[in-house]
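Source file work17.txt; content: compact mmCIF, C-alpha atoms.
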# COMPACT_ATOMS: atom_id res chain seq x y z
CA MET W 1 27.00 -20.73 4.65
CA GLU W 2 23.88 -22.48 5.93
CA SER W 3 21.13 -20.55 7.65
CA THR W 4 21.53 -22.78 10.69
CA GLU W 5 25.09 -21.56 11.08
CA TRP W 6 24.09 -18.07 11.96
CA ASP W 7 22.58 -16.97 15.21
CA MET W 8 19.17 -15.63 14.35
CA THR W 9 19.27 -13.24 17.26
CA ASP W 10 21.56 -11.25 14.95
CA VAL W 11 18.50 -10.50 12.80
CA THR W 12 16.53 -7.51 14.04
CA VAL W 13 13.00 -6.44 13.25
CA LEU W 14 14.51 -3.56 11.30
CA ASP W 15 16.48 -5.96 9.08
CA LEU W 16 13.20 -7.64 8.17
CA LEU W 17 11.08 -4.52 7.72
CA ASP W 18 13.77 -2.66 5.76
CA ARG W 19 13.35 -5.51 3.31
CA ALA W 20 9.73 -6.67 3.48
CA LEU W 21 8.26 -3.15 3.74
CA ASP W 22 10.73 -0.96 1.88
CA LYS W 23 11.96 -3.30 -0.79
CA GLY W 24 9.30 -5.86 -1.66
CA VAL W 25 7.72 -5.49 -5.08
CA VAL W 26 4.57 -3.39 -4.98
CA LEU W 27 1.60 -5.13 -6.52
CA TRP W 28 -1.52 -3.19 -5.90
CA GLY W 29 -3.64 -5.86 -4.33
CA GLU W 30 -7.36 -5.67 -4.24
CA LEU W 31 -7.86 -4.92 -0.59
CA VAL W 32 -5.88 -1.75 -0.27
CA ILE W 33 -7.54 1.29 -1.73
CA SER W 34 -4.99 3.67 -3.09
CA ILE W 35 -1.28 4.29 -3.41
CA ALA W 36 -1.17 7.05 -0.80
CA ASP W 37 -2.99 4.87 1.70
CA VAL W 38 -0.57 1.99 1.15
CA ASP W 39 2.47 4.18 1.75
CA LEU W 40 0.95 5.47 4.95
CA ILE W 41 0.12 1.98 6.11
CA TYR W 42 3.69 0.79 5.56
CA VAL W 43 5.14 3.80 7.31
CA GLY W 44 2.74 3.15 10.17
CA ILE W 45 3.67 -0.53 10.42
CA LYS W 46 7.32 0.36 10.51
CA ALA W 47 6.82 3.02 13.17
CA ILE W 48 4.90 0.61 15.39
CA LEU W 49 7.32 -2.27 15.03
CA CYS W 50 10.47 -0.19 15.23
CA SER W 51 9.82 1.54 18.48
CA VAL W 52 12.73 0.82 20.79
CA ASP W 53 10.82 -1.31 23.25
CA THR W 54 9.18 -3.39 20.52
CA ALA W 55 12.52 -4.04 18.88
CA GLU W 56 13.94 -5.00 22.26
CA ARG W 57 11.07 -7.37 22.96
CA MET W 58 11.19 -9.03 19.57
CA ARG W 59 14.89 -9.45 19.89
CA GLU W 60 14.74 -11.17 23.21
CA VAL W 61 11.62 -13.29 23.13
CA ALA W 62 9.78 -13.57 19.87
CA TRP W 63 12.70 -14.08 17.54
CA GLN W 64 14.07 -16.82 19.76
CA ASN W 65 10.75 -18.64 19.40
CA LEU W 66 10.98 -18.27 15.65
CA VAL W 67 14.52 -19.63 15.71
CA ASP W 68 13.38 -22.60 17.75
CA SER W 69 10.45 -23.32 15.46
CA GLN W 70 12.66 -23.15 12.37
CA ARG W 71 15.23 -25.48 13.85
CA ASN W 72 12.61 -28.17 14.54
CA MET L 1 -46.23 -41.06 4.51
CA THR L 2 -42.75 -39.76 4.96
CA SER L 3 -42.01 -36.07 5.07
CA ILE L 4 -38.80 -34.53 3.89
CA MET L 5 -37.92 -34.10 7.51
CA ASP L 6 -37.52 -37.87 7.84
CA GLU L 7 -34.91 -38.17 5.11
CA PRO L 8 -31.26 -37.95 6.12
CA ILE L 9 -29.64 -34.77 4.77
CA ASP L 10 -26.30 -35.31 3.10
CA VAL L 11 -24.22 -32.26 3.93
CA ASP L 12 -20.80 -31.73 2.34
CA THR L 13 -19.34 -29.96 5.34
CA ASP L 14 -16.16 -28.94 3.51
CA ALA L 15 -18.06 -27.26 0.68
CA LEU L 16 -20.35 -25.63 3.17
CA GLN L 17 -17.46 -24.32 5.19
CA ALA L 18 -15.73 -22.98 2.07
CA ALA L 19 -18.89 -21.23 1.01
CA LEU L 20 -19.38 -19.68 4.43
CA GLU L 21 -15.77 -18.72 5.02
CA GLN L 22 -14.80 -15.90 2.76
CA ILE L 23 -11.14 -15.88 1.93
CA ALA L 24 -8.59 -13.70 0.28
CA TYR L 25 -5.12 -14.62 -1.02
CA TYR L 26 -2.11 -13.40 0.88
CA THR L 27 0.58 -13.21 -1.79
CA TYR L 28 4.21 -13.73 -0.81
CA ALA L 29 6.28 -13.79 -3.98
CA ILE L 30 6.48 -14.37 -7.72
CA ALA L 31 8.59 -17.23 -9.05
CA ARG L 32 9.17 -19.47 -12.05
CA ARG L 33 7.75 -22.95 -12.32
CA LYS L 34 10.17 -25.55 -11.06
CA PRO L 35 9.99 -29.21 -12.12
CA GLY L 36 9.22 -31.54 -9.28
CA ILE L 37 7.56 -28.95 -7.10
CA THR L 38 3.83 -28.62 -6.73
CA SER L 39 1.58 -27.08 -4.13
CA ASP L 40 1.07 -30.53 -2.65
CA THR L 41 4.75 -31.28 -2.18
CA MET L 42 5.50 -28.03 -0.42
CA GLN L 43 3.61 -28.43 2.83
CA ILE L 44 4.31 -24.98 4.16
CA ILE L 45 1.80 -23.43 6.54
CA GLY L 46 0.74 -19.92 5.62
CA VAL L 47 0.38 -16.81 7.76
CA ASP L 48 -3.12 -18.12 8.52
CA PRO L 49 -2.29 -21.52 10.02
CA HIS L 50 -5.49 -23.10 8.62
CA HIS L 51 -4.25 -22.83 5.04
CA PRO L 52 -1.09 -24.01 3.30
CA VAL L 53 1.00 -22.07 0.81
CA VAL L 54 0.02 -22.97 -2.76
CA GLU L 55 1.05 -22.01 -6.29
CA ILE L 56 -1.17 -20.07 -8.67
CA VAL L 57 0.42 -20.89 -11.99
CA GLN L 58 0.09 -18.72 -15.09
CA GLY L 59 2.27 -19.95 -17.94
CA ASP L 60 5.93 -19.98 -16.94
CA LEU L 61 5.30 -17.78 -13.90
CA LEU L 62 3.52 -18.39 -10.64
CA ALA L 63 2.44 -16.57 -7.52
CA LEU L 64 2.95 -18.12 -4.11
CA VAL L 65 -0.10 -17.49 -1.97
CA SER L 66 -2.01 -18.76 1.01
CA ALA L 67 -5.66 -18.25 1.86
CA VAL L 68 -6.49 -15.97 4.73
CA SER L 69 -9.85 -15.40 6.30
CA LEU L 70 -11.56 -12.20 5.27
CA ALA L 71 -12.84 -11.97 8.81
CA GLU L 72 -9.27 -11.16 9.78
CA TYR L 73 -8.05 -9.44 6.61
CA ASP L 74 -10.84 -7.37 5.13
CA LEU L 75 -10.51 -3.59 5.08
CA LYS L 76 -12.29 -3.07 8.36
CA ALA L 77 -10.32 -5.74 10.19
CA LEU L 78 -7.01 -4.58 8.67
CA GLU L 79 -7.57 -1.04 9.78
CA ILE L 80 -7.59 -2.27 13.36
CA HIS L 81 -4.92 -4.95 13.00
CA LEU L 82 -2.38 -2.71 11.30
CA GLN L 83 -2.30 -0.58 14.43
CA ASP L 84 -1.99 -3.55 16.75
CA ARG L 85 1.61 -4.23 17.66
CA ASN L 86 1.06 -7.86 18.65
CA TRP L 87 -0.82 -8.67 15.46
CA LEU L 88 1.86 -6.99 13.35
CA GLU L 89 4.69 -8.78 15.14
CA PHE L 90 3.05 -12.12 14.53
CA LEU L 91 2.41 -11.28 10.88
CA ALA L 92 5.99 -10.12 10.29
CA MET L 93 7.44 -13.26 11.86
CA SER L 94 5.03 -15.61 10.07
CA HIS L 95 5.77 -13.88 6.78
CA GLN L 96 9.50 -14.26 7.44
CA ARG L 97 9.09 -17.95 8.28
CA VAL L 98 7.17 -18.66 5.05
CA MET L 99 9.71 -16.79 2.90
CA THR L 100 12.62 -18.67 4.47
CA GLU L 101 10.92 -22.01 3.83
CA LEU L 102 10.07 -21.07 0.22
CA LEU L 103 13.66 -20.01 -0.43
CA ASP L 104 14.69 -23.67 -0.38
CA SER L 105 12.56 -24.40 -3.45
CA TYR L 106 12.38 -21.24 -5.59
CA THR L 107 14.17 -18.13 -6.70
CA LEU L 108 11.75 -15.64 -5.16
CA LEU L 109 10.75 -12.20 -6.35
CA PRO L 110 9.47 -11.01 -2.98
CA LEU L 111 6.36 -8.87 -2.58
CA LYS L 112 5.75 -6.34 0.15
CA LEU L 113 4.33 -7.52 3.44
CA CYS L 114 0.56 -7.94 3.42
CA THR L 115 -0.23 -8.02 -0.31
CA LEU L 116 -3.74 -9.36 -0.62
CA TYR L 117 -5.96 -10.40 -3.53
CA ILE L 118 -9.66 -11.03 -3.38
CA ASP L 119 -9.59 -13.97 -5.78
CA GLU L 120 -7.47 -16.21 -7.95
CA GLU L 121 -8.48 -14.49 -11.19
CA ARG L 122 -7.01 -11.22 -10.05
CA VAL L 123 -3.75 -12.91 -9.07
CA ARG L 124 -3.58 -14.39 -12.58
CA ALA L 125 -4.34 -10.98 -14.08
CA ALA L 126 -1.48 -9.44 -12.12
CA LEU L 127 0.84 -12.18 -13.36
CA ASN L 128 -0.24 -11.58 -16.96
CA ASP L 129 -0.10 -7.79 -16.81
CA ASN L 130 3.44 -7.75 -15.46
CA ALA L 131 4.86 -10.93 -17.02
CA GLU L 132 7.73 -9.29 -18.92
CA SER L 133 8.84 -7.17 -15.95
CA PHE L 134 8.71 -10.22 -13.71
CA ARG L 135 10.78 -12.30 -16.13
CA THR L 136 13.43 -9.59 -16.40
CA ALA L 137 13.57 -9.22 -12.62
CA LEU L 138 13.72 -12.99 -12.09
CA ASP L 139 16.52 -13.35 -14.65
CA ARG L 140 18.57 -10.84 -12.68
CA ILE L 141 18.34 -12.84 -9.45
CA GLU L 142 17.99 -16.40 -10.76
CA GLY L 143 19.78 -18.95 -8.57
CA ALA L 144 20.97 -16.32 -6.11
CA VAL L 145 20.05 -15.25 -2.60
CA GLU L 146 20.74 -12.11 -0.60
CA TRP L 147 23.14 -12.04 2.32
CA GLY L 148 23.31 -9.02 4.59
CA VAL L 149 26.55 -7.91 6.18
CA LYS L 150 26.26 -5.51 9.08
CA VAL L 151 29.56 -3.98 10.10
CA TYR L 152 30.03 -2.37 13.51
CA CYS L 153 32.95 -0.34 14.81
CA ASN L 154 34.05 0.17 18.39
CA LYS L 155 35.49 3.67 18.25
CA ALA L 156 37.61 3.29 21.41
CA ALA L 157 39.21 0.09 20.13
CA LEU L 158 39.88 1.70 16.76
CA GLU L 159 41.58 4.68 18.41
CA VAL L 160 43.85 2.39 20.44
CA TRP L 161 44.74 0.43 17.32
CA ALA L 162 45.28 3.61 15.30
CA ALA L 163 47.71 5.03 17.89
CA HIS L 164 50.14 2.17 17.43
CA SER L 165 49.33 0.75 13.99
CA ALA L 166 47.71 3.26 11.64
CA PRO L 167 50.13 3.97 8.78
CA GLN L 168 49.44 7.71 8.80
CA LEU L 169 50.41 7.93 12.48
CA SER L 170 53.53 5.78 12.31
CA THR L 171 55.95 8.71 12.40
CA LEU L 172 54.32 10.15 15.50
CA ALA L 173 54.13 6.71 17.13
CA ALA L 174 57.82 6.16 16.46
CA SER L 175 58.70 9.49 18.05
CA VAL L 176 56.80 8.46 21.19
CA ALA L 177 58.87 5.29 21.38
CA LYS L 178 62.14 7.25 21.08
CA ALA L 179 61.14 10.06 23.41
CA THR L 180 62.73 10.94 26.71
CA PRO L 181 60.49 10.37 29.72
CA GLY L 182 59.84 14.08 29.98
CA ALA L 183 58.70 14.49 26.38
CA ARG L 184 56.92 11.19 26.26
CA TYR L 185 53.86 12.28 28.22
CA MET L 186 53.21 15.22 25.88
CA LEU L 187 53.82 13.14 22.77
CA GLU L 188 51.48 10.38 23.97
CA LYS L 189 48.76 12.98 24.46
CA ARG L 190 49.40 14.27 20.94
CA LEU L 191 49.29 10.76 19.56
CA ALA L 192 46.01 10.00 21.33
CA ARG L 193 44.46 13.18 19.94
CA ALA L 194 45.74 12.43 16.46
CA ALA L 195 44.40 8.88 16.72
CA GLN L 196 41.02 10.22 17.76
CA GLN L 197 40.91 12.55 14.76
CA ALA L 198 42.16 9.92 12.33
CA SER L 199 39.61 7.38 13.54
CA GLU L 200 36.66 9.14 12.01
CA GLU L 201 38.24 8.86 8.58
CA LEU L 202 39.56 5.35 9.22
CA LYS L 203 36.08 4.18 10.26
CA ARG L 204 34.66 5.44 6.98
CA SER L 205 37.38 4.20 4.69
CA TYR L 206 37.66 0.74 6.23
CA ALA L 207 33.87 0.33 6.01
CA GLN L 208 33.98 1.25 2.33
CA ALA L 209 37.00 -0.99 1.74
CA SER L 210 34.97 -3.84 3.27
CA HIS L 211 32.07 -3.14 0.94
CA SER L 212 34.43 -3.03 -2.06
CA LEU L 213 36.02 -6.34 -1.19
CA LEU L 214 32.65 -8.05 -0.81
CA SER L 215 31.21 -6.40 -3.94
CA ALA L 216 34.06 -7.74 -6.04
CA CYS L 217 33.10 -11.37 -5.52
CA VAL L 218 29.30 -11.27 -5.86
CA ARG L 219 26.79 -10.82 -8.66
CA ALA L 220 25.51 -7.52 -7.27
CA ALA L 221 25.91 -5.37 -4.18
CA GLU L 222 24.00 -2.55 -2.48
CA GLN L 223 24.53 -0.37 0.54
CA ASN L 224 21.45 0.10 2.70
CA PRO L 225 21.15 2.93 5.23
CA VAL L 226 22.89 2.13 8.51
CA GLN L 227 20.51 1.56 11.40
CA PRO L 228 20.16 3.64 14.56
CA ALA L 229 21.80 2.25 17.70
CA GLN L 230 18.58 2.07 19.74
CA ILE L 231 17.06 -0.33 17.22
CA HIS L 232 19.99 -2.57 16.41
CA GLY L 233 20.88 -2.87 20.07
CA HIS L 234 24.53 -3.55 19.37
CA GLY L 235 26.96 -1.73 21.65
CA ASP L 236 28.98 -0.28 18.76
CA ASP L 237 27.99 2.00 15.89
CA MET L 238 26.89 0.41 12.64
CA VAL L 239 29.18 1.63 9.85
CA LEU L 240 28.00 -0.47 6.94
CA ASN L 241 24.73 -2.21 6.12
CA GLY L 242 25.53 -4.11 2.95
CA ALA L 243 23.37 -6.42 0.83
CA TYR L 244 25.03 -8.92 -1.48
CA LEU L 245 23.52 -11.08 -4.23
CA VAL L 246 25.32 -14.41 -3.97
CA ASP L 247 24.82 -17.42 -6.18
CA GLU L 248 25.96 -21.01 -5.71
CA ALA L 249 29.18 -20.48 -7.66
CA GLY L 250 30.11 -17.40 -5.66
CA THR L 251 29.38 -18.72 -2.17
CA ASP L 252 32.92 -19.89 -1.35
CA ALA L 253 34.52 -16.67 -2.54
CA PHE L 254 32.02 -14.66 -0.50
CA ALA L 255 32.66 -16.70 2.65
CA ALA L 256 36.41 -16.33 2.13
CA ALA L 257 36.02 -12.57 1.74
CA ILE L 258 34.13 -12.36 5.05
CA GLU L 259 36.95 -14.26 6.75
CA GLU L 260 39.54 -11.96 5.20
CA LEU L 261 37.67 -8.92 6.47
CA ARG L 262 37.47 -10.37 9.97
CA THR L 263 41.19 -11.10 9.99
CA GLN L 264 42.11 -7.66 8.74
CA TYR L 265 39.69 -5.44 10.62
CA GLU L 266 38.72 -7.15 13.88
CA PRO L 267 42.03 -5.99 15.41
CA CYS L 268 40.88 -2.47 14.51
CA GLY L 269 37.67 -2.79 16.52
CA PHE L 270 35.37 -3.84 13.69
CA SER L 271 32.87 -6.70 13.87
CA PHE L 272 31.06 -8.34 10.97
CA VAL L 273 27.59 -9.81 11.37
CA LEU L 274 26.24 -11.99 8.59
CA ILE L 275 22.47 -12.36 8.17
CA GLY L 276 20.66 -14.48 5.63
CA PRO L 277 19.80 -16.09 3.42
CA TRP L 278 17.09 -13.69 2.30
CA PRO L 279 15.12 -13.58 -0.93
CA ALA L 280 16.82 -10.98 -3.12
CA TYR L 281 14.87 -8.05 -1.65
CA SER L 282 17.55 -5.48 -2.40
CA PHE L 283 17.86 -6.57 -6.03
CA SER L 284 14.22 -7.01 -7.04
CA ALA L 285 13.05 -3.59 -8.15
CA VAL L 286 10.23 -3.98 -10.66
CA ASP L 287 8.18 -1.29 -12.30
CA THR L 288 4.65 -2.62 -12.08
CA GLY L 289 2.79 0.65 -12.52
CA THR L 290 -0.69 0.55 -11.04
CA THR L 291 -3.58 -1.78 -11.78
This structure in structure tokens:
Amino acid sequence: MESTEWDMTDVTVLDLLDRALDKGVVLWGELVISIADVDLIYVGIKAILCSVDTAERMREVAWQNLVDSQRN
Amino acid sequence: MTSIMDEPIDVDTDALQAALEQIAYYTYAIARRKPGITSDTMQIIGVDPHHPVVEIVQGDLLALVSAVSLAEYDLKALEIHLQDRNWLEFLAMSHQRVMTELLDSYTLLPLKLCTLYIDEERVRAALNDNAESFRTALDRIEGAVEWGVKVYCNKAALEVWAAHSAPQLSTLAASVAKATPGARYMLEKRLARAAQQASEELKRSYAQASHSLLSACVRAAEQNPVQPAQIHGHGDDMVLNGAYLVDEAGTDAFAAAIEELRTQYEPCGFSFVLIGPWPAYSFSAVDTGTT
């Protein structure tokens, strides 16, 4: 199972954010003030990127560019 | 007499630029040192295209980071950027690209999007403070990657299949076949209704059977919440969103299990979408406390 064998248009923005926002290890970096603020920021990021039209757009245009750049 | 103005001034433009440009470290993941890999050999461009991804090594552990300009990533700038859809999209995709490239070289303990450190010392401190937790977490996922399996079900197709093939409806289906033309119409209606009712349960149990089959041949397995239809954009309902921790030794068995599921359940209206490889996001829980 190579990554080039799967069609990356199968990956949605929600697949990525469910992982990179909900699951990544939390290390309290220096530039974010407090725990509550961080949670709010991540919820906000997810809300912005998971609106229906954003998801649609990323699916059709942006992800295809990413696929192309990774194949080169 | 010469004045100082006549002497050529030797300016180290790189040092000057570094001094002027304030940077922070965007931190992608924690990993173990690997022989043969150094920051120089990697040649991966970071989320800020002016800076490559480099290792910050602390003993047997390291952080994978790239410099970002504080002009773009300080608190004030972030406050604006984190509300800007275009900026966020680009960040998410760049982050994804870097992680995919790093996956070729390391077992990655992935950090949340947009983890930033003001300097190298603080990255090292984080590595030291959490070293044992990181080692435990890395041991759990060593040599393995995450594959996602998204399972969709077309309810109409499942109902059609259920009417003629579901074991629990076989008696009723047989009676339709044997019926006189007069009774047949009524029995077909009954069968269709029964198939509709059975499908809800069949959808659930076949999804779980799929997860069980996949779980049996991998190091670890998780079920993530299924995604809403408007976001996944697939015509059918998502019935399973599984994450599977697969190592080299288990890859063939996992691939074979996917094929078996397709063979068994595609006739029932199910489709199986494989996404990956990912860093082991779903298997990387670490208790780091707070700094």
Problem - Pairwise distance for atom CA of Ala177 of chain L and atom CA of Arg262 of chain L, rounded to one decimal in Å - result: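 So the answer is 28.9 Å.
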Exercise for the section: Would you work out the distance separating atom CA of Cys114 of chain L from atom CA of Asp60 of chain L, expressed in Å to one decimal? Expected result: 24.3 Å
Problem - Nearby residues (all atoms listed in the file) at most 10 Å from Asn128 of chain L, same-chain spacing under 5 positions excluded, as a ChimeraX atom specification - result: /L:58-59,61,122-123,134
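A straight line drawn from atom CA of Ala179 of chain L to atom CA of Trp161 of chain L is 20.0 Å long.
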At a cut-off of 9 Å, can you tabulate as CSV every residue of chain L near chain W together with its closest atom pair and the distance in Å to one decimal, using only C-alpha atoms and ordering rows by chain then number?
residue,atom,partner,partner_atom,distance
L:Ala24,CA,W:Leu31,CA,8.9
L:Thr27,CA,W:Gly29,CA,8.8
L:Ala29,CA,W:Val25,CA,8.5
L:Tyr73,CA,W:Leu31,CA,8.5
L:Asp74,CA,W:Leu31,CA,6.9
L:Leu75,CA,W:Leu31,CA,6.4
L:Leu82,CA,W:Ile45,CA,6.5
L:Gln83,CA,W:Ile45,CA,7.2
L:Asp84,CA,W:Ile48,CA,8.2
L:Arg85,CA,W:Ile48,CA,6.3
L:Leu88,CA,W:Ile45,CA,7.3
L:Glu89,CA,W:Leu49,CA,7.0
L:Phe90,CA,W:Ala62,CA,8.7
L:Ala92,CA,W:Leu16,CA,7.9
L:Met93,CA,W:Leu66,CA,7.2
L:Ser94,CA,W:Leu66,CA,8.6
L:His95,CA,W:Ala20,CA,8.9
L:Gln96,CA,W:Leu16,CA,7.6
L:Arg97,CA,W:Gln70,CA,7.5
L:Glu101,CA,W:Gln70,CA,8.8
L:Leu109,CA,W:Val25,CA,7.5
L:Pro110,CA,W:Gly24,CA,5.3
L:Leu111,CA,W:Gly24,CA,4.3
L:Lys112,CA,W:Gly24,CA,4.0
L:Leu113,CA,W:Ala20,CA,5.5
L:Thr115,CA,W:Gly29,CA,5.7
L:Leu116,CA,W:Gly29,CA,5.1
L:Tyr117,CA,W:Glu30,CA,5.0
L:Ile118,CA,W:Glu30,CA,5.9
L:Asp119,CA,W:Glu30,CA,8.7
L:Arg122,CA,W:Glu30,CA,8.0
L:Val123,CA,W:Gly29,CA,8.5
L:Ala126,CA,W:Leu27,CA,7.7
L:Gly148,CA,W:Asp15,CA,8.7
L:Asn224,CA,W:Asp18,CA,8.7
L:Gln227,CA,W:Leu14,CA,7.9
L:Gln230,CA,W:Val52,CA,6.1
L:Ile231,CA,W:Val52,CA,5.7
L:His232,CA,W:Thr12,CA,6.5
L:Gly233,CA,W:Glu56,CA,7.6
L:Thr251,CA,W:Met1,CA,7.5
L:Asp252,CA,W:Met1,CA,8.5
L:Ala255,CA,W:Met1,CA,7.2
L:Val273,CA,W:Asp10,CA,7.2
L:Leu274,CA,W:Trp6,CA,7.3
L:Ile275,CA,W:Val11,CA,6.4
L:Gly276,CA,W:Ser3,CA,6.4
L:Pro277,CA,W:Ser3,CA,6.3
L:Tyr281,CA,W:Lys23,CA,5.6
L:Ser282,CA,W:Lys23,CA,6.2
L:Phe283,CA,W:Lys23,CA,8.5
L:Ser284,CA,W:Val25,CA,7.0
L:Ala285,CA,W:Val25,CA,6.4
L:Val286,CA,W:Val25,CA,6.3
L:Asp287,CA,W:Val25,CA,8.4
L:Thr288,CA,W:Leu27,CA,6.8
L:Gly289,CA,W:Leu27,CA,8.4
L:Thr290,CA,W:Trp28,CA,6.4
L:Thr291,CA,W:Trp28,CA,6.4
Close residues, segment 239-243 of chain L itself excluded, 8 Å, all atoms listed in the file, min 5 positions apart in chain, as a PDB file with C-alpha atoms, in the frame of the given file:
ATOM      1  CA  GLU L 146      20.740 -12.110  -0.600  1.00  0.00           C
ATOM      2  CA  TRP L 147      23.140 -12.040   2.320  1.00  0.00           C
ATOM      3  CA  GLY L 148      23.310  -9.020   4.590  1.00  0.00           C
ATOM      4  CA  VAL L 149      26.550  -7.910   6.180  1.00  0.00           C
ATOM      5  CA  LYS L 150      26.260  -5.510   9.080  1.00  0.00           C
ATOM      6  CA  VAL L 151      29.560  -3.980  10.100  1.00  0.00           C
ATOM      7  CA  TYR L 152      30.030  -2.370  13.510  1.00  0.00           C
ATOM      8  CA  CYS L 153      32.950  -0.340  14.810  1.00  0.00           C
ATOM      9  CA  LYS L 203      36.080   4.180  10.260  1.00  0.00           C
ATOM     10  CA  ARG L 204      34.660   5.440   6.980  1.00  0.00           C
ATOM     11  CA  ALA L 207      33.870   0.330   6.010  1.00  0.00           C
ATOM     12  CA  GLN L 208      33.980   1.250   2.330  1.00  0.00           C
ATOM     13  CA  HIS L 211      32.070  -3.140   0.940  1.00  0.00           C
ATOM     14  CA  ALA L 221      25.910  -5.370  -4.180  1.00  0.00           C
ATOM     15  CA  GLU L 222      24.000  -2.550  -2.480  1.00  0.00           C
ATOM     16  CA  GLN L 223      24.530  -0.370   0.540  1.00  0.00           C
ATOM     17  CA  ASN L 224      21.450   0.100   2.700  1.00  0.00           C
ATOM     18  CA  PRO L 225      21.150   2.930   5.230  1.00  0.00           C
ATOM     19  CA  VAL L 226      22.890   2.130   8.510  1.00  0.00           C
ATOM     20  CA  GLN L 227      20.510   1.560  11.400  1.00  0.00           C
ATOM     21  CA  SER L 282      17.550  -5.480  -2.400  1.00  0.00           C
TER      22      SER L 282
END
